[in-house]
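Trainee: Below is the file target_2.cif, which contains mmCIF, C-alpha atoms.
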```cif
data_run
#
loop_
_atom_site.group_PDB
_atom_site.id
_atom_site.type_symbol
_atom_site.label_atom_id
_atom_site.label_comp_id
_atom_site.auth_asym_id
_atom_site.auth_seq_id
_atom_site.Cartn_x
_atom_site.Cartn_y
_atom_site.Cartn_z
ATOM 1 C CA MET A 2 -88.072 -69.670 96.135
ATOM 2 C CA ARG A 3 -89.269 -73.204 95.647
ATOM 3 C CA PRO A 4 -92.816 -74.062 96.738
ATOM 4 C CA TRP A 5 -91.664 -76.827 99.073
ATOM 5 C CA SER A 6 -89.606 -76.861 102.205
ATOM 6 C CA ARG A 7 -85.986 -77.884 102.584
ATOM 7 C CA PRO A 8 -84.426 -79.889 105.398
ATOM 8 C CA PHE A 9 -83.535 -77.740 108.398
ATOM 9 C CA ALA A 10 -79.916 -77.153 109.334
ATOM 10 C CA GLY A 11 -81.115 -76.953 112.969
ATOM 11 C CA ARG A 12 -84.122 -78.780 114.355
ATOM 12 C CA LEU A 13 -87.578 -78.096 115.714
ATOM 13 C CA GLU A 14 -88.803 -79.805 118.885
ATOM 14 C CA GLU A 15 -92.609 -79.891 119.166
ATOM 15 C CA LEU A 16 -93.646 -80.216 122.802
ATOM 16 C CA SER A 17 -96.609 -79.484 125.030
ATOM 17 C CA ILE A 18 -96.710 -77.856 128.445
ATOM 18 C CA GLU A 19 -99.357 -78.258 131.139
ATOM 19 C CA SER A 20 -100.084 -74.832 132.603
ATOM 20 C CA GLU A 21 -101.284 -74.221 136.150
ATOM 21 C CA ALA A 22 -101.682 -70.528 135.287
ATOM 22 C CA LEU A 23 -104.153 -71.307 132.475
ATOM 23 C CA ALA A 24 -106.062 -74.070 134.279
ATOM 24 C CA GLY A 25 -109.691 -73.149 134.915
ATOM 25 C CA ASN A 26 -109.588 -69.930 132.864
ATOM 26 C CA ALA A 27 -112.954 -68.180 132.347
ATOM 27 C CA LEU A 28 -113.069 -69.087 128.635
ATOM 28 C CA GLY A 29 -112.555 -72.796 129.243
ATOM 29 C CA ASP A 30 -109.550 -72.751 126.901
ATOM 30 C CA PRO A 31 -107.103 -75.653 127.263
ATOM 31 C CA ALA A 32 -104.389 -75.503 129.882
ATOM 32 C CA THR A 33 -102.198 -77.931 127.928
ATOM 33 C CA ARG A 34 -100.451 -75.910 125.233
ATOM 34 C CA PRO A 35 -98.136 -76.705 122.342
ATOM 35 C CA LEU A 36 -94.634 -75.289 122.577
ATOM 36 C CA TRP A 37 -92.081 -75.356 119.770
ATOM 37 C CA VAL A 38 -88.368 -75.007 120.403
ATOM 38 C CA TYR A 39 -85.977 -74.350 117.509
ATOM 39 C CA LEU A 40 -82.439 -75.565 118.184
ATOM 40 C CA PRO A 41 -79.765 -73.966 115.953
ATOM 41 C CA PRO A 42 -77.209 -75.812 113.825
ATOM 42 C CA GLY A 43 -74.354 -77.095 115.976
ATOM 43 C CA TYR A 44 -76.471 -77.261 119.112
ATOM 44 C CA ASP A 45 -75.808 -80.956 119.747
ATOM 45 C CA ALA A 46 -72.072 -80.567 119.094
ATOM 46 C CA GLU A 47 -71.670 -78.370 122.208
ATOM 47 C CA PRO A 48 -73.450 -80.143 125.072
ATOM 48 C CA GLY A 49 -71.903 -77.915 127.745
ATOM 49 C CA ARG A 50 -72.701 -74.618 126.053
ATOM 50 C CA ARG A 51 -75.437 -72.332 127.352
ATOM 51 C CA PHE A 52 -77.327 -70.740 124.452
ATOM 52 C CA PRO A 53 -79.308 -67.494 124.510
ATOM 53 C CA ALA A 54 -83.045 -67.770 123.859
ATOM 54 C CA ILE A 55 -85.587 -65.671 122.001
ATOM 55 C CA TYR A 56 -89.271 -66.195 122.811
ATOM 56 C CA LEU A 57 -91.331 -65.554 119.684
ATOM 57 C CA ILE A 58 -94.989 -64.713 120.264
ATOM 58 C CA GLN A 59 -97.643 -64.055 117.663
ATOM 59 C CA GLY A 60 -99.953 -61.053 117.386
ATOM 60 C CA MET A 61 -103.695 -60.905 117.987
ATOM 61 C CA THR A 62 -105.529 -63.737 116.172
ATOM 62 C CA GLY A 63 -102.246 -65.562 115.619
ATOM 63 C CA GLN A 64 -101.918 -69.254 116.452
ATOM 64 C CA LEU A 65 -98.740 -71.243 116.926
ATOM 65 C CA ASP A 66 -99.271 -73.367 113.825
ATOM 66 C CA MET A 67 -99.508 -70.230 111.685
ATOM 67 C CA TRP A 68 -95.698 -69.973 111.814
ATOM 68 C CA ARG A 69 -95.760 -72.794 109.223
ATOM 69 C CA ASN A 70 -98.009 -70.918 106.780
ATOM 70 C CA ARG A 71 -96.511 -70.415 103.338
ATOM 71 C CA SER A 72 -97.235 -67.492 101.036
ATOM 72 C CA ALA A 73 -96.460 -67.741 97.343
ATOM 73 C CA PHE A 74 -92.729 -67.428 96.639
ATOM 74 C CA ARG A 75 -91.816 -66.874 100.300
ATOM 75 C CA PRO A 76 -90.315 -69.142 102.933
ATOM 76 C CA THR A 77 -92.215 -69.794 106.160
ATOM 77 C CA THR A 78 -91.212 -68.090 109.397
ATOM 78 C CA LEU A 79 -89.638 -71.339 110.597
ATOM 79 C CA GLU A 80 -87.622 -71.643 107.373
ATOM 80 C CA ASN A 81 -86.461 -68.033 107.771
ATOM 81 C CA ILE A 82 -85.371 -68.700 111.354
ATOM 82 C CA ASP A 83 -83.423 -71.777 110.282
ATOM 83 C CA ALA A 84 -81.828 -69.989 107.304
ATOM 84 C CA LEU A 85 -80.793 -67.084 109.529
ATOM 85 C CA PHE A 86 -78.984 -69.273 112.064
ATOM 86 C CA ALA A 87 -77.529 -71.468 109.310
ATOM 87 C CA GLY A 88 -75.853 -68.370 107.844
ATOM 88 C CA GLU A 89 -78.168 -68.258 104.819
ATOM 89 C CA GLY A 90 -80.053 -65.133 105.904
ATOM 90 C CA PRO A 91 -79.909 -61.647 104.405
ATOM 91 C CA ALA A 92 -76.648 -59.704 104.417
ATOM 92 C CA ARG A 93 -76.137 -56.766 106.743
ATOM 93 C CA SER A 94 -75.166 -54.523 103.835
ATOM 94 C CA ALA A 95 -75.380 -54.507 100.040
ATOM 95 C CA ALA A 96 -71.596 -55.069 99.841
ATOM 96 C CA GLU A 97 -71.918 -58.388 101.659
ATOM 97 C CA GLY A 98 -73.465 -61.321 99.894
ATOM 98 C CA PRO A 99 -76.453 -63.227 101.313
ATOM 99 C CA GLY A 100 -75.481 -65.451 104.192
ATOM 100 C CA SER A 101 -72.229 -63.620 104.809
ATOM 101 C CA VAL A 102 -73.139 -62.832 108.410
ATOM 102 C CA ALA A 103 -74.878 -65.278 110.732
ATOM 103 C CA PRO A 104 -75.972 -64.346 114.258
ATOM 104 C CA PRO A 105 -74.643 -66.389 117.156
ATOM 105 C CA PRO A 106 -76.450 -69.710 117.665
ATOM 106 C CA THR A 107 -79.680 -69.020 119.523
ATOM 107 C CA ILE A 108 -82.614 -71.093 120.743
ATOM 108 C CA VAL A 109 -85.970 -69.794 119.487
ATOM 109 C CA VAL A 110 -89.036 -70.676 121.563
ATOM 110 C CA LEU A 111 -92.387 -70.334 119.774
ATOM 111 C CA VAL A 112 -95.231 -69.898 122.252
ATOM 112 C CA ASP A 113 -98.980 -70.599 121.926
ATOM 113 C CA CYS A 114 -101.299 -68.129 123.660
ATOM 114 C CA TRP A 115 -104.404 -68.510 121.485
ATOM 115 C CA THR A 116 -107.751 -67.932 123.227
ATOM 116 C CA SER A 117 -111.383 -68.294 122.223
ATOM 117 C CA TYR A 118 -111.338 -64.520 121.665
ATOM 118 C CA GLY A 119 -108.458 -64.847 119.220
ATOM 119 C CA GLY A 120 -105.529 -63.986 121.443
ATOM 120 C CA SER A 121 -104.446 -63.131 124.974
ATOM 121 C CA GLN A 122 -102.243 -60.055 124.490
ATOM 122 C CA PHE A 123 -99.911 -61.948 126.870
ATOM 123 C CA LEU A 124 -101.326 -60.242 129.953
ATOM 124 C CA ASN A 125 -102.927 -61.655 133.075
ATOM 125 C CA SER A 126 -106.674 -61.147 132.773
ATOM 126 C CA ALA A 127 -109.742 -62.460 134.585
ATOM 127 C CA ALA A 128 -111.433 -62.539 131.157
ATOM 128 C CA THR A 129 -108.894 -64.735 129.328
ATOM 129 C CA GLY A 130 -106.419 -66.227 131.804
ATOM 130 C CA ARG A 131 -102.982 -65.634 133.291
ATOM 131 C CA TYR A 132 -100.959 -65.553 130.065
ATOM 132 C CA ALA A 133 -98.176 -63.291 131.376
ATOM 133 C CA ASP A 134 -97.524 -65.824 134.123
ATOM 134 C CA PHE A 135 -97.740 -68.686 131.624
ATOM 135 C CA VAL A 136 -95.044 -67.200 129.372
ATOM 136 C CA ALA A 137 -92.736 -65.415 131.808
ATOM 137 C CA GLU A 138 -92.860 -67.939 134.620
ATOM 138 C CA GLU A 139 -94.045 -71.369 133.522
ATOM 139 C CA ILE A 140 -92.467 -71.640 130.079
ATOM 140 C CA VAL A 141 -89.185 -69.984 131.029
ATOM 141 C CA SER A 142 -88.938 -72.108 134.193
ATOM 142 C CA ALA A 143 -89.885 -75.332 132.400
ATOM 143 C CA LEU A 144 -87.171 -74.820 129.808
ATOM 144 C CA ALA A 145 -84.562 -73.874 132.396
ATOM 145 C CA LYS A 146 -85.353 -76.679 134.854
ATOM 146 C CA GLU A 147 -86.585 -79.680 132.922
ATOM 147 C CA HIS A 148 -85.297 -79.607 129.371
ATOM 148 C CA PRO A 149 -81.686 -80.085 128.301
ATOM 149 C CA TRP A 150 -81.689 -77.432 125.563
ATOM 150 C CA LYS A 151 -81.580 -74.525 128.012
ATOM 151 C CA ARG A 152 -78.468 -75.968 129.621
ATOM 152 C CA SER A 153 -78.842 -73.663 132.575
ATOM 153 C CA SER A 154 -77.557 -74.417 136.049
ATOM 154 C CA SER A 155 -80.042 -71.934 137.488
ATOM 155 C CA THR A 156 -83.266 -73.267 138.969
ATOM 156 C CA SER A 157 -84.929 -69.861 139.141
ATOM 157 C CA PRO A 158 -84.421 -67.926 135.899
ATOM 158 C CA SER A 159 -85.185 -64.244 135.794
ATOM 159 C CA PRO A 160 -88.538 -63.721 134.025
ATOM 160 C CA ALA A 161 -87.133 -60.571 132.430
ATOM 161 C CA SER A 162 -84.130 -62.353 130.899
ATOM 162 C CA PRO A 163 -85.539 -63.786 127.629
ATOM 163 C CA ALA A 164 -85.947 -61.573 124.602
ATOM 164 C CA VAL A 165 -89.603 -61.495 123.504
ATOM 165 C CA PRO A 166 -90.228 -59.960 120.059
ATOM 166 C CA CYS A 167 -93.858 -58.862 119.941
ATOM 167 C CA SER A 168 -94.323 -56.118 117.354
ATOM 168 C CA ALA A 169 -97.978 -57.030 116.729
ATOM 169 C CA THR A 170 -98.862 -56.649 120.412
ATOM 170 C CA PRO A 171 -100.382 -53.213 121.136
ATOM 171 C CA PRO A 172 -97.951 -50.785 122.830
ATOM 172 C CA PRO A 173 -99.913 -50.604 126.122
ATOM 173 C CA ALA A 174 -99.731 -54.399 126.477
ATOM 174 C CA ARG A 175 -95.994 -54.442 125.697
ATOM 175 C CA MET A 176 -95.352 -51.661 128.190
ATOM 176 C CA ALA A 177 -97.461 -53.300 130.897
ATOM 177 C CA ARG A 178 -95.759 -56.664 130.435
ATOM 178 C CA CYS A 179 -92.247 -55.214 130.435
ATOM 179 C CA TRP A 180 -92.944 -52.908 133.375
ATOM 180 C CA SER A 181 -94.519 -55.599 135.550
ATOM 181 C CA ARG A 182 -91.686 -58.077 134.934
ATOM 182 C CA SER A 183 -88.816 -55.610 135.296
ATOM 183 C CA SER A 184 -90.182 -54.052 138.488
ATOM 184 C CA GLY A 185 -90.795 -57.404 140.151
ATOM 185 C CA ARG A 186 -94.584 -57.012 140.086
ATOM 186 C CA ALA A 187 -96.598 -59.941 138.839
#
```
Written as structure tokens, that's how I'd like the structure from this file.
Mentor:
Amino acid sequence: MRPWSRPFAGRLEELSIESEALAGNALGDPATRPLWVYLPPGYDAEPGRRFPAIYLIQGMTGQLDMWRNRSAFRPTTLENIDALFAGEGPARSAAEGPGSVAPPPTIVVLVDCWTSYGGSQFLNSAATGRYADFVAEEIVSALAKEHPWKRSSSTSPSPASPAVPCSATPPPARMARCWSRSSGRA
């Protein structure tokens, strides 16, 4: 592992989104939030293709820009994401060499839900703001409606459709978020 980054095979779009759900929250935290979208290698070569998306959220006290943090002798999370979709990731078995199996091209959306308390747990709360609505409704809708990388013909995406890895989120918060979105409750 070299102590400097390498050029990405895909690309990272750094955007911001103005959130109605977070406007006027009790903490006075900003309603305009950064949003990063990783586009896999080959994305531009297939303008008509609809790509799956993974929404990557950080755990308590995590901030969006922490995905760029480098530890000694280790790639950053963003470099790992790029290497994985470029076919340079770990093998599925010891018999296969590194990079022998690449997942299908996938868009990775990195979401910011930092609060003055250190995190939102991605739930709607009078104490911190409506972060479940921000992620599941505003971000998903903004990507589907306004930005070309979603390449969706739908104007009302299902909030339960994106995959949201969140292993650092406490189990009750994960269960509440999944239950409320899958049952149609907000």
Trainee: Could you pull out every residue with an atom within 8 Å of (-87.7, -70.9, 121.1), file coordinates, counting only C-alpha atoms, and send them as a ChimeraX atom specification?
Mentor: /A:37-40,54-57,108-112
Trainee: Pick the closest to Gly88 (chain A) from A:Ala137, A:Ala10, A:Ala22, A:Leu65: which is it, counting all atoms listed in the file?
Mentor: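 The closest residue to Gly88 (chain A) is A:Ala10.
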Trainee: Please enumerate the residues selected by the PyMOL selection byres ((chain A and resi 20) around 8) when evaluated against the supplied file, formatted as a JSON list (two decimals) with C-alpha atoms, in the frame of the given file.
Mentor:
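Contents of part.json, freshly written:
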```json
[["chain", "number", "residue", "atom", "x", "y", "z"],
["A", 18, "ILE", "CA", -96.71, -77.86, 128.44],
["A", 19, "GLU", "CA", -99.36, -78.26, 131.14],
["A", 21, "GLU", "CA", -101.28, -74.22, 136.15],
["A", 22, "ALA", "CA", -101.68, -70.53, 135.29],
["A", 23, "LEU", "CA", -104.15, -71.31, 132.48],
["A", 24, "ALA", "CA", -106.06, -74.07, 134.28],
["A", 32, "ALA", "CA", -104.39, -75.50, 129.88],
["A", 33, "THR", "CA", -102.20, -77.93, 127.93],
["A", 34, "ARG", "CA", -100.45, -75.91, 125.23],
["A", 135, "PHE", "CA", -97.74, -68.69, 131.62],
["A", 139, "GLU", "CA", -94.04, -71.37, 133.52]]
```
Trainee: Given the choices A:Leu144, A:Asp134, A:Trp5, A:Glu47, which gets closest to Arg69 (chain A) if the distance is worked out from all atoms listed in the file?
Mentor: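 Comparing A:Leu144, A:Asp134, A:Trp5, A:Glu47 against Arg69 (chain A), the winner is A:Trp5.
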Trainee: In Å to one decimal, how far is CA of Pro41 (chain A) from CA of Trp68 (chain A)?
Mentor: 16.9 Å
Trainee: Output the residue selection produced by the PyMOL selection byres ((chain A and resi 133) around 9) on the file above, formatted as a ChimeraX atom specification.
Mentor: /A:22,121-126,130-132,134-138,178,187
Trainee: If I take CA of Arg12 (chain A) and CA of Ala143 (chain A), how far is one from the other in Å, to one decimal?
Mentor: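 Value for the CA of Arg12 (chain A)-CA of Ala143 (chain A) distance: 19.3 Å.
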Trainee: Measuring between only C-alpha atoms, which one of A:Ser6, A:Thr107, A:Ser117, A:Thr77 shows the shortest distance to Thr62 (chain A)?
Mentor: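 The shortest atom-to-atom distance to Thr62 (chain A) comes from A:Ser117.
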Trainee: Which residues are near Ala87 (chain A)? Cut-off 7 Å, only C-alpha atoms, ignore same chain within fewer than 2 positions. Put them as a PDB file with C-alpha atoms, keeping the file's coordinate frame.
Mentor:
```
ATOM      1  CA  ALA A  10     -79.916 -77.153 109.334  1.00  0.00           C
ATOM      2  CA  PRO A  42     -77.209 -75.812 113.825  1.00  0.00           C
ATOM      3  CA  ASP A  83     -83.423 -71.777 110.282  1.00  0.00           C
ATOM      4  CA  ALA A  84     -81.828 -69.989 107.304  1.00  0.00           C
ATOM      5  CA  LEU A  85     -80.793 -67.084 109.529  1.00  0.00           C
ATOM      6  CA  GLU A  89     -78.168 -68.258 104.819  1.00  0.00           C
ATOM      7  CA  ALA A 103     -74.878 -65.278 110.732  1.00  0.00           C
TER       8      ALA A 103
END
```
Trainee: What is the CA of Phe52 (chain A) to CA of Pro105 (chain A) distance in Å?
Mentor: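 For CA of Phe52 (chain A) relative to CA of Pro105 (chain A), the distance reads 8.9 Å.
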